[in-house]
Structures are given as structure tokens and as C-alpha cells.
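All remarks here apply to the structure that follows.
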Amino acid sequence: MAHAPIDADAPVGVFDSGVGGLSVLRAVHALLPAERLLYVADSGHAPYGDKPVAFVQARAEHCLHVLRRAGCKAAVVACNTVTGLSIGALRALHPDWPIVAIEPAVKPAVAATHSGVVAVLATRNTVRSAGLARLIEQHGDGVRVLAQACPGWVECVEQGRLDGPQTEAMVADVVTPLVQAGADVLALGCTHYPFLRPVIERVAGPGVQVLDPAPAVARELQRRLQAAGALRRADGRTAALPLLTSGDPAAAAAVAQRLLGERLTVHAAPLP
Ligand code: DGL
């Protein structure tokens, strides 16, 4: 059956458990500035990283429904936890809709290491997920891949605490032992973590490379839209960046401004 043509002017939907996926939205906006974007932050239910699999999948289904009902031409899963736990099931629910999903940059990390040790920093659910196990099995050959949970990091970003002695100590608790174990590449396997990147780099030191997969997600989205003839043409206007949240809209607006350095239009999300 032929699919209906995609309306190039429709927005691209991006969602995450909270504001972390704004690191992906930022990369998409940088590569595809003509695209209209709609962001859903399920902050009322964050973090996903410690919740049961069925809960995370149900929340992701709700977020995708909101984006689909809003007429989005494609969706970006800006949450490694959702990808690792249930991307197959989500795609099966929307076989006729382009869904691009972030995942930890295991392959680039393995390609970049000189020491033969890399670390994936992620939520507890991602660390335990079949998705990450598969990535390590496919690409980890001959390299030691340390999958490391990072307690408290998501909450820290949700609260906009991106720097300071407490944040630095929290990051050092995780990163210092990894560097001592020989890791020379840290793959950021949670979309909240790029907002801690300056602290992570400072703690890890100059010999350690930090990888964020968000630009690769933006390129994959570009490829998918191009293939479908659905890239939006620039009209010289900067589109507004609406954000829907299941949390407190005022808090989301404040933290989004802190993370992106720009004011987003924030509304309550029609999420259960
Ligand atoms: N930002 C998400 C991820 O990439 C989820 C973090 C969370 O809610 O625990 O995994």
C-alpha cells in the first residue's frame, strides 16, 4: 500500500522523559534550521531511568501519540532509555511514520579508543537494556566497554544544576574511577548528560574524549526526511520552538532557557 505524501511544513516531534532531549533538539535545529519542531517533555514522570520497563514504554506511547495527534511528520526519540527498552514495540505501533531514535555511540567510541577501554554513561535502565547489550555485542569487539549508571545526574539537569561543587563531586564519583580503569572515551548514553559536558570534561581531563550522539541523530533525521521528499524549505523566518510538558510549565520554561540560552514557548502537555 502506498503511503500518503508527507507534508513538509508539518513539524518534527521530539520527546524525552524531561528536558534532556533538548540536547537533541539543539542538534536538529542546528543542522535543519528550517524545520518546525515540537518538543514534548514528560517531566511529570521523569526520570525513566529507574522505572519498570512497562511504565517507560507506556509513557513513550503517550508521548508519541501527542506528537502524532499534533500532525508531526516524523518523530525523534530523544531518550536512550526508551530506545534501549522498547524501540521495536514503538515502531511496530507506527509502521507508517518515520521514527528516528537516539542510542549510545558505542561504535564511534570503539573506533576512537587508543587504550582499548571505553565507557558508556547511561541510566540504570539503559545499562541493563537488551538494546545496549546488542550494541556492545555488534561493535565492542576487542575493546572493553564499561556500561556505567550515573545516579542523580538526570535530576541534577532537570533542576538546572549544571555546575558547582556538588555537581562536580557527583560527576567525579562516576568518572574518576572509569578514567582510572583506563577509559579514554566516554560515550554519553543519556540525553541529559551533554548539559553536564563541561564538568565531565573537566573531571575526566584532557586525554579523554567525550562523545554525544545527537549530531548523528540529526543527520539520520535529515536522511530520512530527504528520502521521503519531506525536508522543509527555508522561508527566512525563525520558527518558534514550542515545548509541551507534563510537569510544571513555569519550571520547564526556566530550565529550558538555562539549557538552551533561548526562550521557548511552554504549554501543559495533553498527557495522561
Ligand atoms: N534522557 C533520557 C535518556 O536519554 C532519560 C533519562 C531519565 O529519565 O532517566 O536516557
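The chains in the C-alpha cells are called A, B, ... from first to last as shown; in each chain the residues are counted from 1, and the ligands are counted from 1 in the order shown.
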Output the neighbourhood of ligand 1 as a PyMOL selection string, that is, all protein and nucleic acid residues with some atom at most 7 Å from the ligand, counting only C-alpha atoms and all ligand atoms.
-> chain A and resi 16-18+20-21+46-50+78-82+122-123+126+154+189-192
From a DSSP calculation on the backbone, collect every residue of range 111-189 of chain A in helix (DSSP H, G or I) and output the set as a VMD selection string.
-> chain A and resid 111 to 112 124 to 127 130 to 139 153 to 158 165 to 180
All strand (DSSP E) positions in range 56-135 of chain A, as a PyMOL selection string = chain A and resi 74-77+99-101+117-122
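Our summary of the geometry notes that CA of Ile102 in chain A is positioned 6.2 Å from CA of Val77 in chain A.
Here the question is which of A:Gln166, A:Pro215, A:Tyr193, A:Gly116 gets nearest to Ala149 in chain A using only C-alpha atoms, and that residue is A:Tyr193.
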